[in-house]
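K.L.:
One structure is given below, represented as structure tokens, and several questions about it will come after.
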Amino acid sequence: MANLKEVKERINSVVSTQQITKAMKMVSAAKLRRAQDKIVQMRPYSQKLTQILNNVSASSEGASDIVFAEKREVKNVLIIPVTSDKGLCGAFNTNIIKAVNAAISQRFADKNITILPLGKKSFEAFKKREFNLVPDYYQVFADLTFDNVRNAAEYAMNSFVAGEYDQVYLVFNEFKNVATQLVQVEQFLPMAKEDSAEEKSTAEVDYILEPSRKYIIDELVPTSLKIQFYKAVLESNASEHGARMTAMDKATDNAGELLKELRLMYNRSRQAAITNEILEIVSGANALEAS
């Protein structure tokens, strides 16, 4: 049976760990609320902007005059995995790394792959691999603002227009609720029109455009792409805090279960020690009487 001192030390250690996981859960809950508010406000704007863009481009000459919609033979692919800077969030980061590896092996096995990591975990996962790496933007979550995210989006967009990459993909966790994050492998470039039911219902809207349809498209397309990029990063940020909150909640519960077992073990060890002492006293008394 374990030594009383060892069991007591383990109990104190688990209590300290439980206090840390409780604190981390509370911090994640507070951050999640702010991150969730941001993504809830961003989604309608992003969806409506994309809907208007699709409608305007469909009523013009089509996507042939949009440089970001140019389709060409795929030789070079840029993949942008969006992870967190910190761990202790369950399988949040692992799922993204697995999704990137699966996409590379299944879709782009014979392509030239470049990785643009967003988040320290994806940077650390791919910096020792054989892929080309763009390490300039992985610290975006240190100061998560639209201006910082826009720099990464502009790099991907300008490189696509310059012909450095033929396709650009975003791999991120989409936020559904606190306990559910869905891994998305989304084509960022070239632009692909989404035919949702809502878009079909508004397909006949005739917009009055000033100064010209071409000017509006030239201004609207880059803005829409940057908003789409920023939305993916916000989705990942909210998902991270939800995953960490869930992981810390489970860790706290597991620590509670372990404490029950350790306290039961401690009580049993203490009772056994007391019983042994009583037996020794009784044996000594009997020996004195016999002499």
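FYI, nothing fancy with the structure tokens labels: chains A, B, ... in order, residues from 1 per chain, ligands from 1 as they appear.
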May I have the residues within 7 Å of region 267-278 of chain A as a ChimeraX atom specification, using only C-alpha atoms and disregarding those fewer than 3 positions away in the same chain?

P.N.:
/A:1,4,263-264,281-282

K.L.:
Output the selection as a PDB file, in the first residue's frame - C-alpha atoms for each residue.

P.N.:
ATOM      1  CA  MET A   1       0.000   0.000   0.000  1.00  0.00           C
ATOM      2  CA  LEU A   4       0.814   8.159   3.526  1.00  0.00           C
ATOM      3  CA  ARG A 263      -8.564  10.365  -0.706  1.00  0.00           C
ATOM      4  CA  LEU A 264     -10.050   6.905  -0.454  1.00  0.00           C
ATOM      5  CA  ILE A 281       0.459  -2.274  21.385  1.00  0.00           C
ATOM      6  CA  VAL A 282      -1.734  -5.278  22.093  1.00  0.00           C
TER       7      VAL A 282
END

K.L.:
Would you mind listing what lies within 8 Å of region 40-49 of chain A as a VMD selection string, with only C-alpha atoms counted and same-chain residues fewer than 5 positions away left out?

P.N.:
chain A and resid 224 227 to 228 231

K.L.:
Residues near Pro135 (chain A), anyone? I mean within 10 Å using only C-alpha atoms, not counting same-chain ones fewer than 5 positions away, as a PDB file with all heavy atoms, in the first residue's frame.

P.N.:
ATOM      1  N   ILE A 115       3.384  26.159 -47.576  1.00  0.00           N
ATOM      2  CA  ILE A 115       2.568  26.318 -46.384  1.00  0.00           C
ATOM      3  C   ILE A 115       2.741  27.737 -45.843  1.00  0.00           C
ATOM      4  O   ILE A 115       3.869  28.214 -45.656  1.00  0.00           O
ATOM      5  CB  ILE A 115       2.963  25.309 -45.280  1.00  0.00           C
ATOM      6  CG1 ILE A 115       2.851  23.870 -45.811  1.00  0.00           C
ATOM      7  CG2 ILE A 115       2.093  25.484 -44.042  1.00  0.00           C
ATOM      8  CD1 ILE A 115       1.449  23.418 -46.119  1.00  0.00           C
ATOM      9  N   LEU A 116       1.616  28.408 -45.612  1.00  0.00           N
ATOM     10  CA  LEU A 116       1.615  29.711 -44.954  1.00  0.00           C
ATOM     11  C   LEU A 116       0.894  29.530 -43.608  1.00  0.00           C
ATOM     12  O   LEU A 116      -0.330  29.608 -43.557  1.00  0.00           O
ATOM     13  CB  LEU A 116       0.915  30.762 -45.811  1.00  0.00           C
ATOM     14  CG  LEU A 116       1.070  32.243 -45.412  1.00  0.00           C
ATOM     15  CD1 LEU A 116       0.748  33.144 -46.591  1.00  0.00           C
ATOM     16  CD2 LEU A 116       0.193  32.625 -44.225  1.00  0.00           C
ATOM     17  N   PRO A 117       1.631  29.252 -42.533  1.00  0.00           N
ATOM     18  CA  PRO A 117       0.975  28.954 -41.253  1.00  0.00           C
ATOM     19  C   PRO A 117       0.481  30.212 -40.558  1.00  0.00           C
ATOM     20  O   PRO A 117       1.156  31.240 -40.540  1.00  0.00           O
ATOM     21  CB  PRO A 117       2.091  28.274 -40.448  1.00  0.00           C
ATOM     22  CG  PRO A 117       3.345  28.853 -40.992  1.00  0.00           C
ATOM     23  CD  PRO A 117       3.097  29.137 -42.446  1.00  0.00           C
ATOM     24  N   LEU A 118      -0.707  30.110 -39.970  1.00  0.00           N
ATOM     25  CA  LEU A 118      -1.234  31.149 -39.087  1.00  0.00           C
ATOM     26  C   LEU A 118      -1.402  30.515 -37.715  1.00  0.00           C
ATOM     27  O   LEU A 118      -2.249  29.640 -37.529  1.00  0.00           O
ATOM     28  CB  LEU A 118      -2.574  31.687 -39.604  1.00  0.00           C
ATOM     29  CG  LEU A 118      -2.563  32.387 -40.965  1.00  0.00           C
ATOM     30  CD1 LEU A 118      -3.949  32.907 -41.299  1.00  0.00           C
ATOM     31  CD2 LEU A 118      -1.557  33.529 -40.997  1.00  0.00           C
ATOM     32  N   LYS A 120       1.225  29.625 -33.986  1.00  0.00           N
ATOM     33  CA  LYS A 120       2.522  29.015 -33.680  1.00  0.00           C
ATOM     34  C   LYS A 120       2.491  27.504 -33.821  1.00  0.00           C
ATOM     35  O   LYS A 120       3.489  26.883 -34.210  1.00  0.00           O
ATOM     36  CB  LYS A 120       2.934  29.393 -32.254  1.00  0.00           C
ATOM     37  CG  LYS A 120       3.328  30.849 -32.089  1.00  0.00           C
ATOM     38  CD  LYS A 120       3.788  31.139 -30.669  1.00  0.00           C
ATOM     39  CE  LYS A 120       4.173  32.605 -30.501  1.00  0.00           C
ATOM     40  NZ  LYS A 120       4.585  32.915 -29.111  1.00  0.00           N
ATOM     41  N   PHE A 123       3.009  26.557 -37.386  1.00  0.00           N
ATOM     42  CA  PHE A 123       4.383  26.895 -37.760  1.00  0.00           C
ATOM     43  C   PHE A 123       5.353  25.839 -37.237  1.00  0.00           C
ATOM     44  O   PHE A 123       6.239  25.367 -37.965  1.00  0.00           O
ATOM     45  CB  PHE A 123       4.747  28.273 -37.211  1.00  0.00           C
ATOM     46  CG  PHE A 123       6.193  28.648 -37.402  1.00  0.00           C
ATOM     47  CD1 PHE A 123       6.679  28.990 -38.655  1.00  0.00           C
ATOM     48  CD2 PHE A 123       7.071  28.647 -36.328  1.00  0.00           C
ATOM     49  CE1 PHE A 123       8.011  29.323 -38.839  1.00  0.00           C
ATOM     50  CE2 PHE A 123       8.398  28.979 -36.497  1.00  0.00           C
ATOM     51  CZ  PHE A 123       8.868  29.319 -37.752  1.00  0.00           C
ATOM     52  N   LYS A 127       7.545  23.528 -39.874  1.00  0.00           N
ATOM     53  CA  LYS A 127       8.844  24.160 -40.145  1.00  0.00           C
ATOM     54  C   LYS A 127       9.953  23.138 -40.399  1.00  0.00           C
ATOM     55  O   LYS A 127      10.960  23.470 -41.039  1.00  0.00           O
ATOM     56  CB  LYS A 127       9.237  25.085 -38.985  1.00  0.00           C
ATOM     57  CG  LYS A 127       9.557  24.390 -37.687  1.00  0.00           C
ATOM     58  CD  LYS A 127       9.963  25.408 -36.618  1.00  0.00           C
ATOM     59  CE  LYS A 127      10.298  24.735 -35.306  1.00  0.00           C
ATOM     60  NZ  LYS A 127      10.709  25.725 -34.269  1.00  0.00           N
TER      61      LYS A 127
END

K.L.:
What are the closest atom pairs, with distances in Å to one decimal, for all residues of region 144-260 of chain A lying within 10 Å of region 7-25 of chain A? Consider only C-alpha atoms, order rows by chain and residue number, and present the result as CSV.

P.N.:
residue,atom,partner,partner_atom,distance
A:His241,CA,A:Lys25,CA,9.1
A:Gly242,CA,A:Lys25,CA,9.5
A:Arg244,CA,A:Lys25,CA,7.2
A:Met245,CA,A:Lys25,CA,4.8
A:Thr246,CA,A:Lys25,CA,7.7
A:Ala247,CA,A:Lys25,CA,8.2
A:Met248,CA,A:Thr21,CA,5.3
A:Asp249,CA,A:Lys25,CA,6.3
A:Lys250,CA,A:Thr21,CA,9.0
A:Ala251,CA,A:Thr21,CA,6.6
A:Thr252,CA,A:Gln18,CA,5.4
A:Asp253,CA,A:Gln18,CA,8.4
A:Asn254,CA,A:Gln18,CA,8.8
A:Ala255,CA,A:Gln18,CA,5.8
A:Gly256,CA,A:Gln18,CA,7.5
A:Leu258,CA,A:Val14,CA,7.7
A:Leu259,CA,A:Ile11,CA,6.3
A:Lys260,CA,A:Ile11,CA,9.4

K.L.:
Give me, as a ChimeraX atom specification, all polymer residues having an atom no more than 12 Å from Ala162 (chain A), counting only C-alpha atoms and skipping those fewer than 5 positions away in the same chain.

P.N.:
/A:67-68,70,154-157

K.L.:
Generate a file of the selected residues that holds N, CA and C atoms, formatted as a tab-separated table (two decimals), in the first residue's frame.

P.N.:
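See again-v4.tsv below for the written result:
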chain	number	residue	atom	x	y	z
A	67	VAL	N	-9.52	38.86	-62.10
A	67	VAL	CA	-8.21	38.20	-62.04
A	67	VAL	C	-8.16	37.14	-60.95
A	68	PHE	N	-8.95	37.34	-59.89
A	68	PHE	CA	-8.92	36.39	-58.78
A	68	PHE	C	-9.77	35.14	-59.05
A	70	GLU	N	-9.42	33.54	-62.09
A	70	GLU	CA	-8.75	32.87	-63.20
A	70	GLU	C	-8.38	31.43	-62.84
A	154	GLU	N	-3.43	39.63	-48.36
A	154	GLU	CA	-2.88	40.32	-49.53
A	154	GLU	C	-1.69	39.56	-50.11
A	155	TYR	N	-0.88	38.93	-49.25
A	155	TYR	CA	0.22	38.13	-49.77
A	155	TYR	C	-0.31	37.00	-50.65
A	156	ALA	N	-1.32	36.29	-50.14
A	156	ALA	CA	-1.89	35.17	-50.91
A	156	ALA	C	-2.51	35.67	-52.22
A	157	MET	N	-3.22	36.79	-52.16
A	157	MET	CA	-3.90	37.32	-53.35
A	157	MET	C	-2.89	37.82	-54.39

K.L.:
Would you pick out the contacts of region 217-221 of chain A at 9 Å or less, using only C-alpha atoms, so that residues sharing its chain but fewer than 3 positions from it are not included, and give the list as a list in words?

P.N.:
Leu49, Thr50, Leu53, Val56, Ser57, Ile66, Phe68, Ser212, Arg213, Lys214, Ser224, Leu225 and Lys226 of chain A

K.L.:
Save the residues we just selected, all heavy atoms, as a tab-separated table (two decimals), in the first residue's frame?

P.N.:
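Output file again_25.tsv follows:
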chain	number	residue	atom	x	y	z
A	49	LEU	N	-22.00	40.34	-48.49
A	49	LEU	CA	-21.02	40.89	-49.42
A	49	LEU	C	-20.72	39.90	-50.54
A	49	LEU	O	-20.66	40.26	-51.72
A	49	LEU	CB	-19.75	41.26	-48.67
A	49	LEU	CG	-18.66	41.96	-49.48
A	49	LEU	CD1	-19.16	43.29	-50.03
A	49	LEU	CD2	-17.43	42.19	-48.61
A	50	THR	N	-20.55	38.63	-50.17
A	50	THR	CA	-20.30	37.59	-51.17
A	50	THR	C	-21.50	37.42	-52.09
A	50	THR	O	-21.36	37.23	-53.30
A	50	THR	CB	-19.97	36.26	-50.47
A	50	THR	OG1	-18.84	36.43	-49.61
A	50	THR	CG2	-19.66	35.17	-51.49
A	53	LEU	N	-21.60	40.30	-54.55
A	53	LEU	CA	-20.52	40.12	-55.52
A	53	LEU	C	-20.89	39.09	-56.57
A	53	LEU	O	-20.69	39.30	-57.78
A	53	LEU	CB	-19.24	39.71	-54.81
A	53	LEU	CG	-18.04	39.39	-55.70
A	53	LEU	CD1	-17.62	40.61	-56.48
A	53	LEU	CD2	-16.89	38.87	-54.87
A	56	VAL	N	-23.57	40.59	-58.92
A	56	VAL	CA	-23.05	41.60	-59.84
A	56	VAL	C	-22.19	40.97	-60.92
A	56	VAL	O	-22.30	41.29	-62.10
A	56	VAL	CB	-22.26	42.67	-59.06
A	56	VAL	CG1	-21.54	43.61	-60.02
A	56	VAL	CG2	-23.20	43.46	-58.16
A	57	SER	N	-21.32	40.03	-60.52
A	57	SER	CA	-20.43	39.40	-61.49
A	57	SER	C	-21.21	38.52	-62.45
A	57	SER	O	-20.85	38.39	-63.62
A	57	SER	CB	-19.36	38.57	-60.77
A	57	SER	OG	-19.95	37.55	-59.98
A	66	ILE	N	-12.32	38.90	-63.98
A	66	ILE	CA	-11.90	38.98	-62.59
A	66	ILE	C	-10.61	38.18	-62.43
A	66	ILE	O	-10.60	36.96	-62.60
A	66	ILE	CB	-12.99	38.44	-61.64
A	66	ILE	CG1	-14.30	39.22	-61.83
A	66	ILE	CG2	-12.53	38.54	-60.19
A	66	ILE	CD1	-15.45	38.71	-60.99
A	68	PHE	N	-8.95	37.34	-59.89
A	68	PHE	CA	-8.92	36.39	-58.78
A	68	PHE	C	-9.77	35.14	-59.05
A	68	PHE	O	-9.81	34.23	-58.22
A	68	PHE	CB	-9.40	37.06	-57.48
A	68	PHE	CG	-8.53	38.18	-57.04
A	68	PHE	CD1	-8.96	39.51	-57.15
A	68	PHE	CD2	-7.27	37.94	-56.52
A	68	PHE	CE1	-8.15	40.55	-56.75
A	68	PHE	CE2	-6.45	38.98	-56.12
A	68	PHE	CZ	-6.90	40.30	-56.23
A	212	SER	N	-19.12	52.68	-62.21
A	212	SER	CA	-19.27	51.70	-63.28
A	212	SER	C	-19.26	50.31	-62.67
A	212	SER	O	-18.76	50.09	-61.57
A	212	SER	CB	-18.14	51.83	-64.31
A	212	SER	OG	-16.92	51.41	-63.74
A	213	ARG	N	-19.81	49.36	-63.42
A	213	ARG	CA	-19.85	47.99	-62.94
A	213	ARG	C	-18.44	47.41	-62.78
A	213	ARG	O	-18.13	46.75	-61.79
A	213	ARG	CB	-20.66	47.13	-63.92
A	213	ARG	CG	-20.94	45.71	-63.43
A	213	ARG	CD	-21.74	44.96	-64.48
A	213	ARG	NE	-23.01	45.60	-64.74
A	213	ARG	CZ	-24.12	45.37	-64.03
A	213	ARG	NH1	-24.08	44.52	-63.02
A	213	ARG	NH2	-25.24	45.99	-64.31
A	214	LYS	N	-17.57	47.69	-63.75
A	214	LYS	CA	-16.20	47.18	-63.68
A	214	LYS	C	-15.46	47.74	-62.48
A	214	LYS	O	-14.75	47.01	-61.77
A	214	LYS	CB	-15.44	47.52	-64.97
A	214	LYS	CG	-14.02	46.95	-65.02
A	214	LYS	CD	-13.32	47.30	-66.31
A	214	LYS	CE	-11.95	46.63	-66.38
A	214	LYS	NZ	-11.09	46.95	-65.21
A	224	SER	N	-14.03	41.65	-50.61
A	224	SER	CA	-14.75	40.43	-50.26
A	224	SER	C	-13.80	39.31	-49.87
A	224	SER	O	-14.03	38.57	-48.91
A	224	SER	CB	-15.63	39.99	-51.43
A	224	SER	OG	-16.25	38.75	-51.16
A	225	LEU	N	-12.70	39.17	-50.61
A	225	LEU	CA	-11.73	38.12	-50.31
A	225	LEU	C	-11.06	38.35	-48.96
A	225	LEU	O	-10.86	37.41	-48.18
A	225	LEU	CB	-10.67	38.06	-51.42
A	225	LEU	CG	-11.15	37.48	-52.75
A	225	LEU	CD1	-10.08	37.66	-53.82
A	225	LEU	CD2	-11.51	36.00	-52.61
A	226	LYS	N	-10.72	39.59	-48.66
A	226	LYS	CA	-10.09	39.89	-47.37
A	226	LYS	C	-11.05	39.65	-46.21
A	226	LYS	O	-10.65	39.15	-45.16
A	226	LYS	CB	-9.59	41.34	-47.36
A	226	LYS	CG	-8.45	41.60	-48.32
A	226	LYS	CD	-8.13	43.08	-48.43
A	226	LYS	CE	-7.11	43.35	-49.53
A	226	LYS	NZ	-6.85	44.80	-49.71

K.L.:
Mind checking DSSP for region 94-170 of chain A and telling me the strand (DSSP E) residues as a list in words?

P.N.:
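Listing strand (DSSP E) positions across region 94-170 of chain A yields Asn112, Ile113, Thr114, Ile115, Asn132, Leu133, Gln167, Val168, Tyr169 and Leu170 of chain A.
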
K.L.:
How many Å lie between CA of Gln139 (chain A) and CA of Leu189 (chain A), rounded to one decimal?

P.N.:
22.7 Å

K.L.:
Residues of region 59-156 of chain A within 9 Å of region 168-181 of chain A: nearest atom pair and distance (Å, one decimal) for each, counting only C-alpha atoms, sorted by chain and number, as a Markdown table?

P.N.:
| residue | atom | partner | partner_atom | distance |
| --- | --- | --- | --- | --- |
| A:Asn76 | CA | A:Val168 | CA | 9.0 |
| A:Val77 | CA | A:Val168 | CA | 5.9 |
| A:Leu78 | CA | A:Val168 | CA | 4.7 |
| A:Ile79 | CA | A:Tyr169 | CA | 4.9 |
| A:Ile80 | CA | A:Leu170 | CA | 4.9 |
| A:Pro81 | CA | A:Val171 | CA | 4.7 |
| A:Val82 | CA | A:Phe172 | CA | 5.1 |
| A:Thr83 | CA | A:Phe172 | CA | 7.1 |
| A:Phe92 | CA | A:Asn173 | CA | 7.7 |
| A:Asn93 | CA | A:Asn173 | CA | 9.0 |
| A:Asn95 | CA | A:Asn173 | CA | 8.6 |
| A:Ile96 | CA | A:Phe172 | CA | 6.5 |
| A:Ile97 | CA | A:Val171 | CA | 8.9 |
| A:Ala99 | CA | A:Val171 | CA | 7.4 |
| A:Val100 | CA | A:Val171 | CA | 7.0 |
| A:Ala156 | CA | A:Val168 | CA | 7.3 |

K.L.:
Could you write out the selected residues, including C-alpha atoms, as a short mmCIF file (atom, residue, chain, number, x, y, z; two decimals), in the first residue's frame?

P.N.:
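New file part_22.cif:
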data_model
loop_
_atom_site.label_atom_id
_atom_site.label_comp_id
_atom_site.auth_asym_id
_atom_site.auth_seq_id
_atom_site.Cartn_x
_atom_site.Cartn_y
_atom_site.Cartn_z
CA ASN A 76 1.72 25.18 -57.29
CA VAL A 77 -0.62 25.19 -54.28
CA LEU A 78 -0.57 27.44 -51.22
CA ILE A 79 -2.17 25.94 -48.10
CA ILE A 80 -2.96 28.18 -45.13
CA PRO A 81 -3.53 26.15 -41.92
CA VAL A 82 -5.05 28.23 -39.11
CA THR A 83 -4.19 26.95 -35.63
CA PHE A 92 -8.11 21.47 -31.96
CA ASN A 93 -4.66 21.85 -33.53
CA ASN A 95 -7.28 18.06 -36.41
CA ILE A 96 -5.98 20.91 -38.57
CA ILE A 97 -2.58 19.27 -39.07
CA ALA A 99 -6.60 17.75 -42.44
CA VAL A 100 -3.64 19.44 -44.16
CA ALA A 156 -1.89 35.17 -50.91
#

K.L.:
To one decimal in Å, tell me the separation between CA of Lys71 (chain A) and CA of Arg107 (chain A).

P.N.:
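Rounded to one decimal, the two atoms are 16.6 Å apart.
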
K.L.:
Enumerate as a PyMOL selection string all residues of region 38-282 of chain A assigned to helix (DSSP H, G or I) by DSSP on the backbone, naming them with the chain letters and numbers the document uses.

P.N.:
chain A and resi 38-59+63-65+67-69+92-106+120-126+140-143+146-161+197-201+213-282

K.L.:
When you look at Glu130 (chain A) with a cut-off of 12 Å (counting only C-alpha atoms), what residues show up, excluding the ones that are within fewer than 2 positions of it in the same chain? I need them as a list in words.

P.N.:
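The neighbour list is Asn112, Ile113, Thr114, Ile115, Ala125, Phe126, Lys127, Lys128, Asn132 and Leu133 of chain A.
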
K.L.:
May I have the residues from that selection written out with all heavy atoms, as a short mmCIF file (atom, residue, chain, number, x, y, z; two decimals), in the first residue's frame?

P.N.:
data_model
loop_
_atom_site.label_atom_id
_atom_site.label_comp_id
_atom_site.auth_asym_id
_atom_site.auth_seq_id
_atom_site.Cartn_x
_atom_site.Cartn_y
_atom_site.Cartn_z
N ASN A 112 3.46 21.11 -56.20
CA ASN A 112 4.42 21.83 -55.36
C ASN A 112 3.65 22.54 -54.25
O ASN A 112 2.82 23.42 -54.53
CB ASN A 112 5.21 22.84 -56.19
CG ASN A 112 6.07 22.17 -57.25
OD1 ASN A 112 6.64 21.12 -57.01
ND2 ASN A 112 6.15 22.78 -58.42
N ILE A 113 3.92 22.16 -53.00
CA ILE A 113 3.15 22.66 -51.87
C ILE A 113 3.94 23.73 -51.12
O ILE A 113 5.13 23.56 -50.82
CB ILE A 113 2.79 21.52 -50.90
CG1 ILE A 113 2.04 20.41 -51.64
CG2 ILE A 113 1.97 22.05 -49.73
CD1 ILE A 113 0.72 20.84 -52.22
N THR A 114 3.27 24.82 -50.81
CA THR A 114 3.80 25.86 -49.94
C THR A 114 2.84 26.05 -48.78
O THR A 114 1.62 26.09 -48.99
CB THR A 114 3.98 27.19 -50.70
OG1 THR A 114 4.87 27.00 -51.81
CG2 THR A 114 4.56 28.26 -49.78
N ILE A 115 3.38 26.16 -47.58
CA ILE A 115 2.57 26.32 -46.38
C ILE A 115 2.74 27.74 -45.84
O ILE A 115 3.87 28.21 -45.66
CB ILE A 115 2.96 25.31 -45.28
CG1 ILE A 115 2.85 23.87 -45.81
CG2 ILE A 115 2.09 25.48 -44.04
CD1 ILE A 115 1.45 23.42 -46.12
N ALA A 125 4.65 22.77 -36.48
CA ALA A 125 4.37 21.47 -37.07
C ALA A 125 4.99 21.32 -38.45
O ALA A 125 5.39 20.22 -38.85
CB ALA A 125 2.86 21.24 -37.14
N PHE A 126 5.09 22.43 -39.21
CA PHE A 126 5.53 22.34 -40.61
C PHE A 126 6.93 22.90 -40.86
O PHE A 126 7.45 22.74 -41.97
CB PHE A 126 4.54 23.06 -41.53
CG PHE A 126 3.22 22.36 -41.65
CD1 PHE A 126 2.11 22.82 -40.96
CD2 PHE A 126 3.09 21.23 -42.45
CE1 PHE A 126 0.88 22.17 -41.07
CE2 PHE A 126 1.87 20.57 -42.56
CZ PHE A 126 0.77 21.05 -41.86
N LYS A 127 7.55 23.53 -39.87
CA LYS A 127 8.84 24.16 -40.14
C LYS A 127 9.95 23.14 -40.40
O LYS A 127 10.96 23.47 -41.04
CB LYS A 127 9.24 25.08 -38.99
CG LYS A 127 9.56 24.39 -37.69
CD LYS A 127 9.96 25.41 -36.62
CE LYS A 127 10.30 24.74 -35.31
NZ LYS A 127 10.71 25.73 -34.27
N LYS A 128 9.77 21.90 -39.90
CA LYS A 128 10.79 20.87 -40.11
C LYS A 128 10.42 19.90 -41.22
O LYS A 128 11.12 18.91 -41.44
CB LYS A 128 11.02 20.11 -38.80
CG LYS A 128 11.59 20.96 -37.69
CD LYS A 128 11.82 20.15 -36.42
CE LYS A 128 12.39 21.02 -35.30
NZ LYS A 128 12.60 20.25 -34.06
N ASN A 132 7.83 24.08 -48.75
CA ASN A 132 8.22 25.48 -48.68
C ASN A 132 7.37 26.17 -47.62
O ASN A 132 6.18 25.90 -47.49
CB ASN A 132 7.99 26.16 -50.04
CG ASN A 132 8.85 25.53 -51.13
OD1 ASN A 132 9.99 25.16 -50.88
ND2 ASN A 132 8.29 25.41 -52.34
N LEU A 133 7.97 27.06 -46.86
CA LEU A 133 7.29 27.69 -45.74
C LEU A 133 7.36 29.21 -45.86
O LEU A 133 8.41 29.76 -46.17
CB LEU A 133 7.91 27.23 -44.42
CG LEU A 133 7.13 27.55 -43.14
CD1 LEU A 133 5.87 26.69 -43.06
CD2 LEU A 133 7.99 27.29 -41.90
#

K.L.:
In Å, rounded to a single decimal, give me how far CA of Cys89 (chain A) is from CA of Ser28 (chain A).

P.N.:
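So the two atoms, CA of Ser28 (chain A) and CA of Cys89 (chain A), lie 10.0 Å apart.
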
K.L.:
Of the candidates A:Thr94, A:Asn286, A:Gln184, A:Gln167, which shows the shortest atom-to-atom distance to Ala69 (chain A), using only C-alpha atoms?

P.N.:
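Closest to Ala69 (chain A), using only C-alpha atoms: A:Gln167.
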
K.L.:
With distances taken over only C-alpha atoms, which residue among A:Ala91, A:Leu182, A:Val74, A:Leu234 lies nearest Tyr165 (chain A)?

P.N.:
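Comparing A:Ala91, A:Leu182, A:Val74, A:Leu234 against Tyr165 (chain A), the winner is A:Val74.
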